[in-house]
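Chemist: Structure file start-v4.csv (CSV, C-alpha atoms) right here:
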chain,number,residue,atom,x,y,z
A,11,MET,CA,-19.2,10.9,-1.2
A,12,ASP,CA,-22.1,11.8,1.2
A,13,LEU,CA,-20.8,11.7,4.8
A,14,THR,CA,-24.2,12.2,6.4
A,15,ASP,CA,-25.8,9.2,8.1
A,16,THR,CA,-28.7,7.7,6.2
A,17,PRO,CA,-31.8,6.7,8.3
A,18,GLU,CA,-30.5,3.1,8.2
A,19,GLU,CA,-27.1,4.2,9.5
A,20,GLN,CA,-28.7,6.3,12.2
A,21,GLU,CA,-30.6,3.2,13.3
A,22,PHE,CA,-27.5,1.1,13.2
A,23,ARG,CA,-25.6,3.8,15.3
A,24,ALA,CA,-28.5,4.0,17.9
A,25,ARG,CA,-28.7,0.2,18.3
A,26,LEU,CA,-24.9,-0.1,18.7
A,27,ARG,CA,-24.8,2.8,21.2
A,28,GLU,CA,-27.6,1.1,23.2
A,29,TRP,CA,-25.9,-2.3,23.2
A,30,LEU,CA,-22.6,-0.7,24.3
A,31,ALA,CA,-24.3,1.1,27.2
A,32,ILE,CA,-25.6,-2.3,28.5
A,33,VAL,CA,-22.5,-4.5,28.1
A,34,LEU,CA,-19.6,-2.2,28.9
A,35,PRO,CA,-20.4,-1.9,32.6
A,36,THR,CA,-20.2,-5.8,32.8
A,37,LEU,CA,-16.6,-6.0,31.5
A,38,PRO,CA,-13.9,-6.9,34.0
A,39,PRO,CA,-11.0,-4.5,34.5
A,40,LYS,CA,-8.2,-4.6,31.9
A,41,PRO,CA,-5.1,-6.5,33.2
A,42,SER,CA,-1.8,-4.7,33.5
A,43,PRO,CA,0.4,-4.1,30.4
A,44,ASP,CA,2.8,-6.8,31.5
A,45,ASP,CA,0.1,-9.5,32.0
A,46,TRP,CA,-0.2,-10.7,28.4
A,47,PRO,CA,-2.0,-14.0,29.3
A,48,GLY,CA,-4.5,-11.9,31.3
A,49,ARG,CA,-4.8,-9.4,28.4
A,50,ARG,CA,-5.3,-12.3,25.9
A,51,ALA,CA,-8.2,-13.6,28.0
A,52,HIS,CA,-9.6,-10.1,28.4
A,53,ASP,CA,-9.4,-9.2,24.7
A,54,LEU,CA,-10.7,-12.5,23.5
A,55,GLY,CA,-13.6,-12.3,26.0
A,56,TRP,CA,-14.6,-8.9,24.5
A,57,GLN,CA,-14.3,-10.4,21.0
A,58,ARG,CA,-16.7,-13.2,22.0
A,59,MET,CA,-19.2,-10.6,23.2
A,60,LEU,CA,-19.0,-8.8,19.9
A,61,TYR,CA,-19.4,-12.2,18.1
A,62,ASP,CA,-22.5,-13.1,20.1
A,63,ALA,CA,-24.0,-9.7,19.4
A,64,GLY,CA,-23.3,-9.9,15.7
A,65,TYR,CA,-20.6,-7.2,15.7
A,66,ALA,CA,-17.6,-9.4,15.0
A,67,GLY,CA,-15.9,-9.0,11.6
A,68,LEU,CA,-18.4,-6.3,10.9
A,69,HIS,CA,-16.5,-5.3,7.7
A,70,TRP,CA,-15.6,-8.8,6.6
A,71,PRO,CA,-17.5,-10.3,3.7
A,72,ALA,CA,-20.5,-12.4,4.7
A,73,ASP,CA,-19.0,-15.5,3.0
A,74,ALA,CA,-16.0,-15.2,5.2
A,75,GLY,CA,-18.1,-15.2,8.3
A,76,GLY,CA,-18.5,-11.4,8.7
A,77,ARG,CA,-21.5,-9.2,8.7
A,78,GLY,CA,-20.8,-7.7,5.3
A,79,ALA,CA,-21.5,-4.3,6.6
A,80,THR,CA,-21.0,-1.1,4.6
A,81,PRO,CA,-17.8,0.9,5.0
A,82,THR,CA,-19.9,3.6,6.7
A,83,GLN,CA,-21.3,1.2,9.2
A,84,HIS,CA,-17.8,0.0,9.9
A,85,LEU,CA,-16.6,3.5,10.6
A,86,ILE,CA,-19.7,4.2,12.7
A,87,PHE,CA,-18.7,1.1,14.7
A,88,LEU,CA,-15.2,2.5,15.3
A,89,GLU,CA,-16.5,5.9,16.3
A,90,GLU,CA,-19.1,4.5,18.7
A,91,THR,CA,-16.9,1.9,20.4
A,92,GLU,CA,-14.2,4.5,21.0
A,93,ARG,CA,-16.7,7.1,22.2
A,94,ALA,CA,-18.1,4.6,24.7
A,95,GLY,CA,-14.6,3.6,25.9
A,96,ALA,CA,-14.9,0.0,24.6
A,97,PRO,CA,-11.7,-2.2,24.4
A,98,TYR,CA,-9.7,-2.1,21.2
A,99,VAL,CA,-8.8,-5.3,19.4
A,100,GLY,CA,-5.7,-5.8,21.6
A,101,ALA,CA,-4.3,-9.3,21.2
A,102,GLY,CA,-6.7,-9.9,18.3
A,103,PHE,CA,-5.0,-7.2,16.2
A,104,VAL,CA,-3.1,-9.4,13.7
A,105,GLY,CA,-5.8,-12.0,13.3
A,106,LEU,CA,-8.7,-9.5,12.9
A,107,LEU,CA,-7.1,-6.7,11.0
A,108,HIS,CA,-4.7,-8.3,8.5
A,109,ALA,CA,-4.1,-12.1,8.8
A,110,GLY,CA,-7.8,-12.8,8.7
A,111,PRO,CA,-8.6,-10.4,5.9
A,112,THR,CA,-5.6,-11.9,3.9
A,113,ILE,CA,-6.9,-15.4,4.3
A,114,ALA,CA,-10.4,-14.2,3.4
A,115,ALA,CA,-9.0,-12.7,0.2
A,116,GLU,CA,-6.3,-15.3,-0.8
A,117,GLY,CA,-7.1,-18.5,1.1
A,118,THR,CA,-8.8,-21.7,-0.1
A,119,ALA,CA,-12.3,-22.6,1.0
A,120,GLY,CA,-10.8,-25.1,3.5
A,121,GLN,CA,-8.4,-22.5,4.9
A,122,ARG,CA,-11.2,-19.9,5.3
A,123,ALA,CA,-13.3,-22.5,7.1
A,124,ARG,CA,-10.5,-23.6,9.4
A,125,TRP,CA,-9.0,-20.2,10.4
A,126,LEU,CA,-11.5,-17.5,10.1
A,127,PRO,CA,-14.3,-18.6,12.5
A,128,PRO,CA,-12.0,-19.0,15.5
A,129,ILE,CA,-10.6,-15.5,14.9
A,130,LEU,CA,-14.1,-14.0,14.8
A,131,ARG,CA,-15.3,-16.0,17.9
A,132,GLY,CA,-12.2,-14.8,19.9
A,133,GLU,CA,-10.7,-18.3,20.3
A,134,GLU,CA,-7.4,-18.0,18.6
A,135,VAL,CA,-4.7,-15.3,18.5
A,136,TRP,CA,-2.3,-14.7,15.5
A,137,CYS,CA,1.1,-13.0,15.4
A,138,GLN,CA,3.0,-11.6,12.5
A,139,GLY,CA,6.3,-13.2,11.5
A,140,PHE,CA,7.5,-10.8,8.9
A,141,SER,CA,10.4,-8.7,10.3
A,142,GLU,CA,13.9,-10.2,10.6
A,143,PRO,CA,17.0,-9.1,12.5
A,144,ASP,CA,19.2,-8.4,9.5
A,145,ALA,CA,16.6,-7.2,7.0
A,146,GLY,CA,16.0,-3.7,8.5
A,147,SER,CA,13.1,-2.0,6.8
A,148,ASP,CA,13.6,-4.1,3.7
A,149,LEU,CA,11.1,-6.9,4.0
A,150,ALA,CA,12.2,-8.6,0.8
A,151,ALA,CA,15.6,-9.1,2.3
A,152,LEU,CA,14.3,-11.9,4.6
A,153,ARG,CA,16.5,-14.9,5.1
A,154,THR,CA,14.4,-17.4,6.9
A,155,ARG,CA,14.3,-20.4,4.6
A,156,ALA,CA,11.9,-23.2,4.0
A,157,ARG,CA,12.8,-26.4,2.1
A,158,ARG,CA,10.1,-28.8,0.8
A,159,ASP,CA,10.2,-32.3,2.3
A,160,GLY,CA,7.2,-34.3,1.2
A,161,ASP,CA,4.0,-32.8,2.5
A,162,ASP,CA,5.9,-30.3,4.8
A,163,TYR,CA,8.1,-27.3,4.6
A,164,VAL,CA,11.1,-27.4,7.0
A,165,VAL,CA,11.7,-23.9,8.3
A,166,ASN,CA,14.9,-22.4,9.8
A,167,GLY,CA,15.6,-18.8,10.7
A,168,SER,CA,14.5,-16.1,13.1
A,169,LYS,CA,12.0,-13.3,13.3
A,170,ILE,CA,12.0,-10.1,15.4
A,171,TRP,CA,9.4,-7.6,16.6
A,172,THR,CA,6.8,-10.3,16.4
A,173,SER,CA,3.7,-8.8,18.0
A,174,HIS,CA,1.8,-10.9,20.5
A,175,ALA,CA,4.0,-14.0,19.8
A,176,GLU,CA,4.1,-14.9,23.5
A,177,VAL,CA,0.3,-15.6,23.5
A,178,ALA,CA,-0.3,-16.5,19.9
A,179,ASP,CA,-1.7,-19.7,18.5
A,180,TRP,CA,-0.8,-19.0,14.9
A,181,CYS,CA,1.8,-16.9,13.0
A,182,GLU,CA,1.5,-15.4,9.5
A,183,LEU,CA,5.0,-16.4,8.5
A,184,LEU,CA,7.1,-15.3,5.5
A,185,VAL,CA,9.8,-17.7,4.3
A,186,ARG,CA,12.2,-17.8,1.4
A,187,THR,CA,11.5,-21.0,-0.6
A,188,ASP,CA,13.7,-20.3,-3.6
A,189,PRO,CA,17.0,-18.7,-2.5
A,190,ALA,CA,18.2,-18.5,-6.2
A,191,ALA,CA,15.2,-16.3,-7.2
A,192,THR,CA,15.4,-12.6,-7.4
A,193,LYS,CA,14.8,-10.6,-4.3
A,194,HIS,CA,11.0,-10.2,-4.4
A,195,ARG,CA,10.4,-13.7,-5.8
A,196,GLY,CA,10.9,-17.0,-4.1
A,197,ILE,CA,9.0,-16.0,-1.0
A,198,THR,CA,6.0,-18.0,0.4
A,199,TRP,CA,3.3,-17.0,3.0
A,200,LEU,CA,2.6,-19.8,5.6
A,201,ALA,CA,0.3,-20.3,8.6
A,202,LEU,CA,2.5,-21.6,11.4
A,203,PRO,CA,1.0,-23.2,14.5
A,204,MET,CA,3.0,-21.6,17.4
A,205,ASP,CA,3.1,-24.9,19.4
A,206,THR,CA,5.1,-26.7,16.7
A,207,PRO,CA,8.3,-28.3,17.9
A,208,GLY,CA,11.3,-26.1,17.1
A,209,VAL,CA,9.6,-22.8,17.8
A,210,THR,CA,11.1,-20.7,20.5
A,211,VAL,CA,9.7,-17.3,21.7
A,212,ARG,CA,11.7,-14.8,23.7
A,213,PRO,CA,9.7,-11.7,24.7
A,214,LEU,CA,11.3,-8.2,24.2
A,215,ARG,CA,10.6,-5.4,26.6
A,216,THR,CA,10.0,-2.1,24.9
A,217,LEU,CA,11.0,1.4,25.9
A,218,ALA,CA,7.4,1.8,27.2
A,219,GLY,CA,7.8,-1.2,29.5
A,220,SER,CA,5.5,-3.5,27.5
A,221,ALA,CA,6.5,-7.0,26.3
A,222,GLU,CA,4.1,-7.2,23.4
A,223,PHE,CA,7.0,-7.9,20.9
A,224,ALA,CA,9.2,-11.0,20.8
A,225,GLU,CA,12.0,-12.7,19.0
A,226,VAL,CA,11.0,-16.0,17.4
A,227,PHE,CA,13.5,-18.7,16.6
A,228,LEU,CA,12.7,-21.5,14.1
A,229,ASP,CA,14.8,-24.6,14.2
A,230,GLU,CA,13.8,-27.4,11.8
A,231,VAL,CA,10.2,-26.4,12.2
A,232,ARG,CA,7.8,-28.5,10.0
A,233,VAL,CA,4.8,-26.7,8.5
A,234,PRO,CA,2.3,-28.6,6.4
A,235,VAL,CA,2.2,-27.6,2.7
A,236,ALA,CA,-1.6,-27.3,3.2
A,237,ASN,CA,-0.9,-24.3,5.4
A,238,ARG,CA,0.5,-22.3,2.5
A,239,VAL,CA,-1.7,-19.3,1.5
A,240,GLY,CA,-1.2,-18.6,-2.2
A,241,ASP,CA,1.2,-20.4,-4.5
A,242,GLU,CA,4.7,-21.4,-3.6
A,243,ASN,CA,7.1,-18.5,-4.4
A,244,ASP,CA,4.1,-16.1,-4.8
A,245,GLY,CA,4.4,-14.9,-1.2
A,246,TRP,CA,5.4,-11.4,-2.1
A,247,ARG,CA,2.1,-10.7,-3.9
A,248,VAL,CA,0.2,-12.2,-0.9
A,249,THR,CA,2.3,-10.1,1.5
A,250,MET,CA,1.2,-7.0,-0.4
A,251,VAL,CA,-2.4,-7.9,0.3
A,252,THR,CA,-1.6,-8.3,4.0
A,253,LEU,CA,0.3,-5.0,4.1
A,254,ALA,CA,-2.6,-3.2,2.2
A,255,PHE,CA,-4.9,-4.3,5.0
A,256,GLU,CA,-2.4,-3.4,7.7
A,257,ARG,CA,-1.7,0.1,6.3
A,258,GLY,CA,-5.1,0.8,4.9
A,259,THR,CA,-7.5,-0.2,7.7
A,260,ALA,CA,-5.7,-1.6,10.7
A,261,PHE,CA,-4.9,1.7,12.3
A,262,VAL,CA,-8.1,3.6,11.5
A,263,GLY,CA,-9.7,2.9,14.9
A,264,GLU,CA,-6.8,4.6,16.5
A,265,VAL,CA,-7.5,7.9,14.7
A,266,VAL,CA,-10.7,8.1,16.7
A,267,ALA,CA,-8.8,7.5,19.9
A,268,CYS,CA,-6.3,10.2,19.0
A,269,ARG,CA,-9.1,12.7,18.4
A,270,ARG,CA,-10.4,11.8,21.9
A,271,VAL,CA,-6.9,12.3,23.5
A,272,LEU,CA,-6.7,15.7,21.7
A,273,GLY,CA,-9.9,16.8,23.4
A,274,GLU,CA,-8.6,15.7,26.7
A,275,LEU,CA,-5.4,17.6,26.2
A,276,ALA,CA,-7.3,20.8,25.5
A,277,ARG,CA,-9.3,20.4,28.7
A,278,GLU,CA,-6.1,19.7,30.7
A,279,ALA,CA,-4.4,22.8,29.2
A,280,ARG,CA,-7.4,24.9,30.2
A,281,ARG,CA,-7.3,23.5,33.7
A,282,THR,CA,-3.6,24.2,34.2
A,283,GLY,CA,-3.5,27.6,32.5
A,284,ARG,CA,-1.4,26.3,29.6
A,285,TRP,CA,-4.2,27.3,27.3
A,286,ASP,CA,-3.1,30.9,27.6
A,287,ASP,CA,-0.1,30.0,25.4
A,288,PRO,CA,-1.0,30.9,21.8
A,289,VAL,CA,1.7,28.7,20.4
A,290,LEU,CA,0.2,25.7,22.2
A,291,ARG,CA,-3.3,26.6,21.0
A,292,ARG,CA,-2.2,26.8,17.4
A,293,ARG,CA,-0.4,23.5,17.8
A,294,LEU,CA,-3.5,21.7,19.1
A,295,GLY,CA,-5.6,23.4,16.5
A,296,ARG,CA,-3.4,22.2,13.7
A,297,LEU,CA,-3.4,18.6,15.1
A,298,ASN,CA,-7.2,18.8,15.3
A,299,ALA,CA,-7.3,19.6,11.6
A,300,GLU,CA,-4.8,16.9,10.9
A,301,PHE,CA,-6.8,14.1,12.6
A,302,ARG,CA,-10.0,15.3,10.9
A,303,ALA,CA,-8.3,15.1,7.6
A,304,LEU,CA,-7.0,11.7,8.4
A,305,TRP,CA,-10.5,10.5,9.2
A,306,ARG,CA,-11.8,11.8,5.9
A,307,LEU,CA,-8.9,10.0,4.2
A,308,THR,CA,-9.9,6.9,6.0
A,309,GLN,CA,-13.5,7.2,4.8
A,310,TRP,CA,-12.3,7.6,1.3
A,311,ASN,CA,-9.9,4.7,1.4
A,312,VAL,CA,-12.4,2.3,2.9
A,313,SER,CA,-15.2,3.4,0.5
A,314,GLU,CA,-12.9,3.0,-2.5
A,315,ALA,CA,-11.9,-0.5,-1.4
A,316,GLN,CA,-15.5,-1.5,-0.9
A,317,ALA,CA,-16.7,0.1,-4.2
A,318,SER,CA,-14.0,-1.7,-6.2
A,319,GLY,CA,-14.3,-5.0,-4.4
A,320,ARG,CA,-10.6,-5.0,-3.9
A,321,VAL,CA,-8.2,-4.7,-1.0
A,322,PRO,CA,-7.3,-1.2,0.2
A,323,GLY,CA,-5.0,0.5,-2.3
A,324,VAL,CA,-1.8,2.5,-2.0
A,325,GLY,CA,-3.8,5.3,-0.4
A,326,GLY,CA,-3.2,3.2,2.8
A,327,SER,CA,0.5,4.3,2.5
A,328,VAL,CA,-0.5,7.9,2.5
A,329,PHE,CA,-2.6,7.3,5.6
A,330,LYS,CA,0.1,5.3,7.4
A,331,LEU,CA,2.8,7.8,6.6
A,332,ARG,CA,0.9,10.8,7.9
A,333,TYR,CA,-0.9,9.1,10.8
A,334,SER,CA,2.4,7.7,12.3
A,335,HIS,CA,3.9,11.2,12.4
A,336,ALA,CA,0.7,12.9,13.6
A,337,ARG,CA,0.5,10.4,16.5
A,338,GLN,CA,4.1,11.3,17.6
A,339,GLU,CA,3.2,15.0,17.3
A,340,LEU,CA,0.1,14.5,19.4
A,341,TYR,CA,2.0,12.9,22.3
A,342,ASP,CA,4.8,15.5,22.0
A,343,ALA,CA,2.1,18.1,22.5
A,344,ALA,CA,0.9,16.1,25.5
A,345,ALA,CA,4.4,16.4,27.0
A,346,ASP,CA,4.2,20.2,26.6
A,347,VAL,CA,0.9,20.3,28.4
A,348,LEU,CA,2.2,18.1,31.2
A,349,GLY,CA,5.4,20.1,31.7
A,350,ASP,CA,7.7,18.5,34.3
A,351,ALA,CA,5.0,15.8,34.9
A,352,ALA,CA,5.9,14.4,31.5
A,353,LEU,CA,8.8,12.6,33.3
A,354,ASP,CA,6.4,10.7,35.5
A,355,LEU,CA,5.7,7.3,34.0
A,356,ASP,CA,2.5,7.0,36.0
A,357,ARG,CA,0.9,10.0,34.4
A,358,PRO,CA,-1.5,9.6,31.5
A,359,TRP,CA,0.0,9.9,28.0
A,360,VAL,CA,3.7,9.4,29.1
A,361,LEU,CA,3.9,5.8,28.1
A,362,ASP,CA,1.8,6.5,25.0
A,363,ARG,CA,4.5,9.1,24.0
A,364,LEU,CA,7.2,6.4,24.3
A,365,SER,CA,5.2,3.8,22.3
A,366,SER,CA,4.4,6.4,19.6
A,367,LEU,CA,8.0,6.3,18.6
A,368,SER,CA,7.5,2.9,17.1
A,369,TYR,CA,4.7,4.0,14.7
A,370,THR,CA,7.1,5.3,12.1
A,371,ILE,CA,8.6,1.8,11.9
A,372,ALA,CA,5.6,-0.5,12.4
A,373,ALA,CA,3.9,-1.8,9.2
A,374,GLY,CA,6.7,-0.4,7.0
A,375,THR,CA,9.0,2.5,7.9
A,376,SER,CA,8.2,6.0,6.8
A,377,GLN,CA,11.0,5.8,4.3
A,378,ILE,CA,9.3,2.8,2.7
A,379,GLN,CA,6.0,4.6,2.6
A,380,HIS,CA,7.7,7.6,0.9
A,381,ASN,CA,9.0,5.3,-1.8
A,382,ILE,CA,5.6,3.8,-2.4
A,383,VAL,CA,3.9,7.2,-2.6
A,384,ALA,CA,6.6,8.5,-5.0
A,385,GLU,CA,6.6,5.4,-7.3
A,386,ARG,CA,3.0,4.2,-7.3
A,387,ILE,CA,1.0,7.4,-6.8
A,388,LEU,CA,3.3,10.2,-8.2
A,389,GLY,CA,4.8,7.9,-10.9
A,390,LEU,CA,8.4,8.9,-10.1
A,391,PRO,CA,11.2,6.6,-11.3
A,392,LYS,CA,12.7,4.1,-8.9
A,393,GLY,CA,16.0,4.7,-7.2
A,394,ARG,CA,15.8,8.5,-7.3
Now that the file is in, can you turn its structure into structure tokens?
Modeler:
Amino acid sequence: MDLTDTPEEQEFRARLREWLAIVLPTLPPKPSPDDWPGRRAHDLGWQRMLYDAGYAGLHWPADAGGRGATPTQHLIFLEETERAGAPYVGAGFVGLLHAGPTIAAEGTAGQRARWLPPILRGEEVWCQGFSEPDAGSDLAALRTRARRDGDDYVVNGSKIWTSHAEVADWCELLVRTDPAATKHRGITWLALPMDTPGVTVRPLRTLAGSAEFAEVFLDEVRVPVANRVGDENDGWRVTMVTLAFERGTAFVGEVVACRRVLGELAREARRTGRWDDPVLRRRLGRLNAEFRALWRLTQWNVSEAQASGRVPGVGGSVFKLRYSHARQELYDAAADVLGDAALDLDRPWVLDRLSSLSYTIAAGTSQIQHNIVAERILGLPKGR
């Protein structure tokens, strides 16, 4: 794989860099972490600017409303937006990075026409209704049930750690439609309008002080059968598509951000004299190599998916496994650089360190990723 920009890619990078230099100074300040209605408006406003400029859904296929850009152009976009300090996807995370791509891959023509354009235009927010209170890290142990009643499913149960539920318009919802089926069968993937009667959202405050997660309770909630993505009881397969996008591509932009933070840490260490510690220098050097390797793995995963015309493969689990631990190590190193100031919640990187603890749980725990790598890449037997 040639990692050098072609003349076309150089031109794409230059145009994007020029556009960012013009529009970013016009953005309003980002609202506080607790102001999720304000953050929704801010994030969707940025998404609309991307859409109007032709940069929304850059990596989505053209027939799904995207630009059909090459993997390299997508990675250039991530590099340049992070370099320029542009907003990340924020409240649009679920819709843009895994619900939307899942619908593009598995939805009907009508579903693609209904749900994808509002995501790209920054008009609707999605949340993820996968995790449940009693399922732990075992997604297939979900208990939320849906029974068929005419043209509707009637859903009862609860979800937890539902990102952005408080401000979401739609939820990618997993339900059990055949309780008698074996564990990984009898599951169905539904699109739930969050304003449906019977849906109750209770925000959860995290260790880092943010309320981006929530509990969602579902009491006799009616969801049209037309909102089912994939066949009834085929939801586990559709879910694997969602998780492939989530693990394979949804975090890649954050790798660029981590490389930026690493550079800031080195500068802070030089400023305070901590750079004289050879142990700290080796630690930052190893992290620099780690994030460079993760970026190369990202390029390989994205290119493989594009070349094969399929969703990202199990290489996404390798990325997710290593990235989540590297992110925690990065902010542990930040605490060493800060010293006693690491106890001050108002200092940079302190809240990031607290939130980094969740990354070995989000999108499947590290234990689940270890199992996937062992069984699907190394070919080891199950249950060992």
Chemist: Show me, as a list in words, the residues that have an atom within 10 Å of A:Lys193 when counting all atoms listed in the file, minus same-chain residues fewer than 4 positions from it.
Modeler: Leu149, Ala150, Ala151, Leu152, Arg186, Asp188, Pro189, Ile197 and Trp246 of chain A
Chemist: Sorted by chain and rising residue number, which residues of stretch 67-183 of chain A lie within 10 Å of stretch 54-63 of chain A, and what are their closest atom pairs and distances in Å to one decimal, counting all atoms listed in the file, as CSV?
Modeler:
residue,atom,partner,partner_atom,distance
A:Gly67,CA,A:Tyr61,CA,8.0
A:Leu68,CA,A:Leu60,CA,9.4
A:Gly76,CA,A:Tyr61,CA,9.5
A:Ala96,CA,A:Trp56,CA,8.9
A:Pro97,CA,A:Trp56,CA,7.3
A:Tyr98,CA,A:Trp56,CA,9.0
A:Val99,CA,A:Gln57,CA,7.7
A:Gly100,CA,A:Leu54,CA,8.6
A:Ala101,CA,A:Leu54,CA,7.5
A:Gly102,CA,A:Leu54,CA,7.1
A:Leu106,CA,A:Gln57,CA,9.9
A:Pro127,CA,A:Tyr61,CA,9.9
A:Pro128,CA,A:Arg58,CA,9.9
A:Ile129,CA,A:Gln57,CA,8.8
A:Leu130,CA,A:Tyr61,CA,6.5
A:Arg131,CA,A:Arg58,CA,5.2
A:Gly132,CA,A:Leu54,CA,4.5
A:Glu133,CA,A:Leu54,CA,6.6
A:Glu134,CA,A:Leu54,CA,8.1
A:Val135,CA,A:Leu54,CA,8.3
Chemist: Find the residue from A:Leu390, A:Ala115, A:Ile382, A:Ala303 that sits nearest to A:Val265; use only C-alpha atoms when measuring.
Modeler: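 Checking each of A:Leu390, A:Ala115, A:Ile382, A:Ala303 against A:Val265, counting only C-alpha atoms, the winner is A:Ala303.
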Chemist: Compile the contact shell of A:Ala74 as a PyMOL selection string: residues with an atom at most 7 Å away, counting only C-alpha atoms, same-chain residues fewer than 4 positions apart removed.
Modeler: chain A and resi 70+114+122
Chemist: Which residue, A:His108, A:Gln309, A:Ser334, A:Arg153, has the smallest gap to A:Thr14 when you use only C-alpha atoms?
Modeler: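 Answer, going by the shortest atom-to-atom distance: A:Gln309.
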Chemist: Looking at A:Asp148, A:Asp356, A:Glu230, A:Glu176, which one is nearest to A:Tyr163, with distances taken over all atoms listed in the file?
Modeler: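 For A:Tyr163, the nearest of the given residues is A:Glu230.
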Chemist: Just checking: using all atoms listed in the file, which residue out of A:Ser313, A:Asn237, A:Thr282, A:Gln83 ends up closest to A:Arg124?
Modeler: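 Closest to A:Arg124, using all atoms listed in the file: A:Asn237.
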Chemist: Report, in Å with one decimal, the straight-line distance from atom CA of A:His194 to atom CA of A:Arg247.
Modeler: 8.9 Å
